[in-house]
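A.B. asks: Handing over protein-v1.cif, mmCIF, C-alpha atoms.
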data_data
loop_
_atom_site.label_atom_id
_atom_site.label_comp_id
_atom_site.auth_asym_id
_atom_site.auth_seq_id
_atom_site.Cartn_x
_atom_site.Cartn_y
_atom_site.Cartn_z
CA MET R 5 0.00 0.00 0.00
CA ASP R 6 1.30 3.44 -0.91
CA LYS R 7 2.03 5.64 2.04
CA LYS R 8 -0.10 8.75 2.29
CA ARG R 9 1.84 11.97 2.30
CA ILE R 10 1.15 14.31 5.21
CA LEU R 11 2.50 17.86 5.30
CA ILE R 12 2.70 19.27 8.82
CA VAL R 13 2.78 23.07 8.94
CA ASP R 14 3.43 24.26 12.46
CA ASP R 15 5.78 26.89 13.82
CA GLU R 16 6.41 24.86 16.98
CA PRO R 17 9.33 22.72 15.84
CA GLY R 18 9.28 20.36 18.82
CA LEU R 19 5.67 19.42 18.49
CA ALA R 20 5.80 19.20 14.69
CA ARG R 21 8.75 16.82 14.80
CA LEU R 22 7.13 14.76 17.55
CA LEU R 23 4.01 14.44 15.42
CA GLN R 24 6.16 13.54 12.43
CA ALA R 25 8.02 10.82 14.36
CA ASN R 26 4.78 9.33 15.67
CA LEU R 27 2.94 9.38 12.35
CA GLU R 28 5.90 7.82 10.58
CA SER R 29 6.21 5.14 13.26
CA CYS R 30 2.77 3.86 12.17
CA GLY R 31 4.29 2.92 8.82
CA ARG R 32 1.34 4.33 6.88
CA TYR R 33 2.48 7.88 6.29
CA GLU R 34 5.29 9.80 4.72
CA THR R 35 5.58 13.19 6.33
CA LEU R 36 7.22 16.53 5.78
CA VAL R 37 7.44 19.33 8.32
CA GLU R 38 7.34 22.99 7.32
CA HIS R 39 7.78 25.47 10.15
CA ARG R 40 7.23 28.64 8.12
CA ALA R 41 3.67 29.39 7.10
CA GLU R 42 4.90 31.53 4.21
CA SER R 43 6.68 28.49 2.72
CA ALA R 44 3.75 26.10 3.10
CA VAL R 45 2.44 26.42 -0.45
CA THR R 46 5.90 25.91 -1.96
CA ALA R 47 6.36 22.86 0.26
CA ALA R 48 2.94 21.53 -0.76
CA ARG R 49 3.68 22.00 -4.47
CA ALA R 50 6.88 20.00 -4.14
CA PHE R 51 5.68 17.32 -1.70
CA ARG R 52 2.16 16.89 -3.11
CA PRO R 53 0.58 15.89 0.19
CA HIS R 54 -2.71 14.06 0.52
CA VAL R 55 -3.40 15.92 3.76
CA VAL R 56 -2.02 19.12 5.27
CA LEU R 57 -2.08 19.39 9.05
CA LEU R 58 -2.12 23.14 9.43
CA ASP R 59 -1.57 25.07 12.63
CA MET R 60 -4.06 27.92 12.96
CA VAL R 61 -1.89 30.39 14.81
CA MET R 62 1.50 31.12 13.28
CA PRO R 63 3.57 34.25 12.83
CA CYS R 64 3.42 36.00 9.42
CA LEU R 65 0.42 34.05 8.11
CA SER R 66 -2.45 32.38 9.87
CA GLY R 67 -3.47 28.82 9.08
CA ARG R 68 -6.61 30.18 7.48
CA GLU R 69 -4.57 32.38 5.12
CA VAL R 70 -2.36 29.44 4.21
CA ALA R 71 -5.47 27.36 3.52
CA ASP R 72 -6.76 30.10 1.20
CA GLN R 73 -3.43 30.16 -0.64
CA LEU R 74 -3.52 26.38 -1.04
CA GLN R 75 -7.07 26.54 -2.33
CA ALA R 76 -6.09 29.21 -4.86
CA ASP R 77 -3.10 27.29 -6.14
CA PRO R 78 -4.01 24.99 -9.04
CA GLY R 79 -1.41 22.44 -7.93
CA CYS R 80 -2.73 22.25 -4.37
CA ALA R 81 -6.45 22.93 -4.62
CA ASP R 82 -7.37 19.28 -4.05
CA VAL R 83 -5.30 18.93 -0.90
CA VAL R 84 -7.34 18.18 2.22
CA VAL R 85 -6.60 20.61 5.03
CA VAL R 86 -7.01 19.71 8.68
CA PHE R 87 -6.52 22.63 11.04
CA LEU R 88 -4.68 22.19 14.31
CA THR R 89 -6.08 24.57 16.88
CA ALA R 90 -4.88 25.16 20.38
CA ALA R 91 -7.38 24.18 23.04
CA GLU R 92 -6.98 25.16 26.63
CA HIS R 93 -4.55 22.66 28.08
CA GLY R 94 -6.42 20.02 29.96
CA ALA R 95 -9.79 21.59 29.25
CA SER R 96 -12.60 19.71 27.64
CA ALA R 97 -12.88 20.29 23.92
CA ALA R 98 -16.31 18.75 23.65
CA GLY R 99 -17.59 21.83 21.86
CA HIS R 100 -16.36 23.10 18.56
CA ASP R 101 -15.03 26.38 19.84
CA GLY R 102 -11.67 27.36 18.46
CA GLY R 103 -12.07 25.56 15.15
CA PRO R 104 -12.94 27.39 11.96
CA ALA R 105 -16.54 26.83 10.93
CA GLY R 106 -17.04 24.38 8.12
CA ALA R 107 -13.52 22.99 8.32
CA ARG R 108 -11.95 19.85 9.63
CA TRP R 109 -9.95 20.52 12.74
CA ILE R 110 -8.21 18.90 15.65
CA ALA R 111 -7.84 20.62 19.00
CA LYS R 112 -4.29 20.48 20.32
CA PRO R 113 -3.15 18.63 22.28
CA ALA R 114 -4.72 15.55 20.76
CA SER R 115 -4.02 11.88 21.12
CA LEU R 116 -2.27 10.18 18.25
CA GLU R 117 -5.36 8.02 17.82
CA VAL R 118 -7.56 11.09 17.28
CA ILE R 119 -5.09 12.59 14.82
CA ILE R 120 -4.85 9.39 12.80
CA ARG R 121 -8.61 8.92 12.80
CA CYS R 122 -9.06 12.48 11.55
CA ILE R 123 -6.45 11.97 8.82
CA GLU R 124 -8.10 8.75 7.68
CA GLN R 125 -11.58 10.27 7.70
CA SER R 126 -10.28 13.28 5.81
CA LEU R 127 -8.66 11.02 3.25
CA SER R 128 -11.83 9.05 2.64
CA SER R 129 -14.10 12.09 2.52
CA GLY R 130 -11.50 13.89 0.39
CA ARG R 131 -11.71 11.05 -2.10
CA GLU R 132 -15.50 11.31 -2.16
CA GLU R 133 -15.79 15.06 -2.20
CA LYS R 134 -12.57 15.94 -4.01
CA GLY R 135 -11.61 18.82 -1.81
CA GLY R 136 -14.97 19.89 -0.46
CA GLY R 137 -14.65 21.08 3.11
CA GLY R 138 -17.89 20.99 4.97
CA GLU R 139 -17.66 18.36 7.63
CA GLU R 140 -16.75 19.47 11.07
CA HIS R 141 -14.58 16.79 12.49
CA GLY R 142 -13.62 18.49 15.64
CA GLY R 143 -12.36 17.57 18.95
CA LYS R 144 -9.48 16.20 20.82
CA ASP R 145 -9.67 13.25 23.04
CA ARG R 146 -13.06 12.67 24.43
CA MET F 26 -7.70 -15.40 38.42
CA ASN F 27 -5.70 -12.42 39.55
CA THR F 28 -7.95 -9.38 39.27
CA GLN F 29 -5.60 -7.01 41.03
CA VAL F 30 -5.41 -3.69 39.24
CA LYS F 31 -1.88 -2.56 38.61
CA PRO F 32 -1.26 0.89 40.07
CA LYS F 33 -0.63 3.54 37.49
CA LYS F 34 2.89 4.84 37.32
CA ARG F 35 3.37 8.51 38.00
CA ILE F 36 5.39 10.36 35.40
CA LEU F 37 6.50 13.98 35.68
CA VAL F 38 7.36 15.57 32.34
CA VAL F 39 9.45 18.74 32.51
CA ASP F 40 9.81 20.51 29.18
CA ASP F 41 9.57 24.20 28.36
CA ASP F 42 8.18 23.51 24.87
CA PRO F 43 4.55 23.05 25.95
CA GLY F 44 3.35 21.10 22.92
CA ILE F 45 5.67 18.19 23.69
CA PRO F 46 4.74 17.42 27.32
CA TRP F 47 1.04 17.81 26.64
CA PHE F 48 1.24 15.45 23.68
CA LEU F 49 3.08 12.97 25.90
CA LYS F 50 0.56 13.37 28.71
CA ILE F 51 -2.47 12.71 26.54
CA ASN F 52 -0.91 9.74 24.79
CA LEU F 53 0.70 8.15 27.85
CA GLU F 54 -2.49 8.49 29.88
CA ARG F 55 -4.50 6.86 27.08
CA THR F 56 -2.63 3.64 27.76
CA ASN F 57 -4.18 3.60 31.27
CA ASP F 58 -0.79 2.73 32.69
CA TYR F 59 0.33 6.22 33.65
CA ILE F 60 -0.66 9.39 35.43
CA VAL F 61 1.28 12.26 33.94
CA LYS F 62 1.96 15.70 35.35
CA VAL F 63 3.33 18.39 33.07
CA GLU F 64 5.65 21.15 34.23
CA THR F 65 6.75 23.67 31.62
CA HIS F 66 8.78 25.87 33.97
CA GLY F 67 12.11 24.47 35.09
CA SER F 68 12.00 26.74 38.12
CA GLU F 69 8.83 25.00 39.30
CA ALA F 70 10.05 21.46 38.66
CA LEU F 71 11.42 20.81 42.16
CA ARG F 72 8.21 21.87 43.79
CA ALA F 73 6.18 19.86 41.27
CA ALA F 74 8.27 16.75 41.89
CA GLU F 75 7.93 17.01 45.66
CA ALA F 76 4.19 17.49 45.43
CA PHE F 77 3.53 14.87 42.77
CA ALA F 78 5.97 12.20 43.99
CA PRO F 79 6.63 10.72 40.54
CA ASP F 80 7.94 7.23 39.85
CA LEU F 81 9.98 8.66 36.99
CA ILE F 82 10.88 12.07 35.58
CA LEU F 83 11.13 12.83 31.86
CA LEU F 84 13.41 15.86 31.78
CA ASP F 85 14.19 18.11 28.84
CA VAL F 86 17.88 18.98 28.72
CA MET F 87 17.77 22.31 26.90
CA MET F 88 15.67 24.72 28.92
CA PRO F 89 16.16 28.23 30.21
CA GLU F 90 17.85 28.04 33.60
CA PRO F 91 17.64 25.82 35.41
CA ASP F 92 18.32 23.48 32.51
CA GLY F 93 17.84 19.73 32.67
CA GLY F 94 21.34 19.03 33.96
CA GLN F 95 21.01 21.59 36.74
CA LEU F 96 17.61 20.25 37.69
CA ALA F 97 18.93 16.70 37.84
CA GLU F 98 21.59 17.90 40.28
CA MET F 99 18.91 19.58 42.38
CA PHE F 100 16.82 16.40 42.41
CA SER F 101 19.89 14.44 43.49
CA ALA F 102 20.43 16.79 46.40
CA ARG F 103 16.94 16.24 47.81
CA PRO F 104 16.52 13.13 49.94
CA LYS F 105 12.90 12.80 48.81
CA LEU F 106 13.77 12.93 45.14
CA LYS F 107 17.20 11.46 44.73
CA HIS F 108 16.00 7.92 44.09
CA ILE F 109 13.59 8.87 41.33
CA PRO F 110 14.89 7.75 37.95
CA ILE F 111 15.39 10.49 35.39
CA VAL F 112 15.20 10.07 31.64
CA PHE F 113 16.60 12.99 29.69
CA LEU F 114 14.82 14.18 26.57
CA THR F 115 17.17 15.86 24.15
CA ALA F 116 17.49 16.84 20.54
CA ALA F 117 21.25 17.23 21.02
CA VAL F 118 21.94 13.49 20.94
CA LYS F 119 21.25 11.48 17.82
CA LYS F 120 19.00 8.41 17.94
CA ASP F 121 21.67 6.00 16.69
CA GLU F 122 24.14 7.43 19.19
CA VAL F 123 21.72 6.67 22.03
CA ALA F 124 20.79 3.26 20.60
CA SER F 125 24.42 2.22 20.19
CA HIS F 126 24.97 2.84 23.91
CA GLY F 127 21.88 0.90 25.01
CA GLY F 128 19.96 4.09 25.71
CA ARG F 129 22.61 5.49 28.01
CA VAL F 130 25.19 8.19 27.47
CA GLY F 131 27.66 8.82 30.28
CA GLY F 132 25.61 6.58 32.56
CA LEU F 133 22.47 8.63 32.05
CA ARG F 134 19.35 7.44 30.28
CA PHE F 135 18.52 9.51 27.21
CA ILE F 136 15.74 9.65 24.66
CA ALA F 137 16.66 11.44 21.45
CA LYS F 138 13.95 13.84 20.35
CA PRO F 139 11.76 13.45 18.44
CA ALA F 140 10.80 10.02 19.75
CA SER F 141 7.82 7.85 18.97
CA LEU F 142 5.42 7.13 21.78
CA GLN F 143 6.51 3.51 21.80
CA GLU F 144 10.15 4.52 22.25
CA VAL F 145 9.18 6.67 25.21
CA ILE F 146 7.10 3.89 26.77
CA ASP F 147 9.86 1.31 26.24
CA CYS F 148 12.34 3.62 27.89
CA ILE F 149 10.07 4.39 30.85
CA GLU F 150 9.39 0.70 31.42
CA ALA F 151 13.06 -0.26 31.13
CA GLU F 152 14.04 2.38 33.64
CA LEU F 153 11.27 1.47 36.09
CA LYS F 154 12.24 -2.18 35.83
CA ILE F 155 15.79 -1.28 36.81
CA ARG F 156 14.45 0.62 39.79
CA GLU F 157 12.22 -2.27 40.84
CA SER F 158 15.21 -4.58 40.70
CA GLY F 159 16.93 -2.28 43.17
CA ALA F 160 19.66 -1.04 40.87
CA GLY F 161 18.11 2.40 40.51
CA GLY F 162 19.05 5.86 41.65
CA HIS F 163 20.57 8.66 39.68
CA GLY F 164 23.66 8.10 37.65
CA PRO F 165 26.38 10.69 37.46
CA VAL F 166 25.01 14.04 36.52
CA ALA F 167 26.68 15.66 33.54
#
Represent the supplied structure as structure tokens.

C.D. replies:
Amino acid sequence: MDKKRILIVDDEPGLARLLQANLESCGRYETLVEHRAESAVTAARAFRPHVVLLDMVMPCLSGREVADQLQADPGCADVVVVFLTAAEHGASAAGHDGGPAGARWIAKPASLEVIIRCIEQSLSSGREEKGGGGEEHGGKDR
Amino acid sequence: MNTQVKPKKRILVVDDDPGIPWFLKINLERTNDYIVKVETHGSEALRAAEAFAPDLILLDVMMPEPDGGQLAEMFSARPKLKHIPIVFLTAAVKKDEVASHGGRVGGLRFIAKPASLQEVIDCIEAELKIRESGAGGHGPVA
């Protein structure tokens, strides 16, 4: 089975690399980390990810702005974006606060299981919808 | 049939990069084998350790003062804490370097960042096993 390519765009290098190590340890994903939001589209054009895990809050450009740039780029328009949003540490993320409306998102910190489930669901709905957003995935560990 | 529930092991994670300890907390606690306390301020780590009474401390090396090495010395100087095994988390040591020394460098147990969850769990369990066998305590502090 071909590994799915996951681009992680997050300005927190420690967390991004930890996520990369853990996703790659599953054996199902090939990952690339980009710490600079302004380089995300270039990285996506070169890496051709199936899914972009995109931090919402970054210096220079927000995750939302990066998502707009990806959407506007003919080479990246089909990429499925999953936003990573910061939830209050230790607080319940049962609601959908903090995530952009109409988008797939994961509240940080999330368990690896939640992240993988969200990636897999995004991949299957991405195949069906070909890039249509719509479904709120939402939530960290419940 | 032995229905005795194994007590959860108490792990204190000290790391100033908040994404990392919170990711570890959520994922370690999901195994139901651990209770994890996060401390992102090195200056609070002594107090946190005394209050939490961990079975093991995961300690980032590179932090603003006190750094991991200084903290390990402080733990060693406290009668209540000196027997608690410490595993250093560091990006300064390469994975193969650590692996080729059986997880130890200079007598100290290291995990090279970024590490998969399984690597962290294996290391915690190996270190706790050593302690249970009575060969524990802190090694020399670098």

A.B. asks: Where does the PyMOL selection byres ((chain R) within 6 of (chain F)) land in this file, that is, which residues does it pick, as a PyMOL selection string?

C.D. replies: chain R and resi 19+21-22+25-26+113+115

A.B. asks: For each of F:Glu90, F:Thr56, F:Asp85, F:Arg156, take the minimum atom-to-atom distance to R:Leu116, counting only C-alpha atoms, then give the residue where this is smallest.

C.D. replies: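 Checking each of F:Glu90, F:Thr56, F:Asp85, F:Arg156 against R:Leu116, counting only C-alpha atoms, the winner is F:Thr56.
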
A.B. asks: Using only C-alpha atoms, which of F:Val145, F:Ile36, F:Leu96, F:Val30 sits nearest F:Pro79?

C.D. replies: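 For F:Pro79, the nearest of the candidates is F:Ile36.
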
A.B. asks: Might I get the box with edges along x, y and z of the file that holds all atoms of stretch 108-127 of chain R listed there, padded by 3 Å on every side, given as centre and edge lengths in Å to one decimal, as JSON?

C.D. replies:
{"center_x": -7.1, "center_y": 14.3, "center_z": 12.8, "size_x": 15.7, "size_y": 18.6, "size_z": 25.0}

A.B. asks: Evaluate the PyMOL selection byres ((chain F and resi 76) around 12) here and jot the selected residues down as a VMD selection string.

C.D. replies: chain F and resid 35 37 62 64 69 to 75 77 to 79 105 to 106

A.B. asks: For the provided coordinates, the residues matched by the PyMOL selection byres ((chain R and resi 11-13) around 10) should be stated as a PyMOL selection string.

C.D. replies: chain R and resi 8-10+14-17+20-21+23-24+34-45+47-48+51-60+62+67+70+85-88

A.B. asks: Could you tell me which of F:Ala117, F:Ile146, F:Ile111, F:Ile60 comes closest to F:Ile82 if we count all atoms listed in the file?

C.D. replies: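 For F:Ile82, the nearest of the candidates is F:Ile111.
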
A.B. asks: Interatomic distance between atom CA of F:Phe135 and atom CA of F:Leu114?

C.D. replies: 6.0 Å

A.B. asks: Distance atom CA of F:Leu84-atom CA of F:Ala97, one decimal place?

C.D. replies: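 A separation of 8.2 Å between them.
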
A.B. asks: Quote the spacing between atom CA of F:Gly132 and atom CA of F:Asp80 in Å to one decimal place.

C.D. replies: 19.1 Å
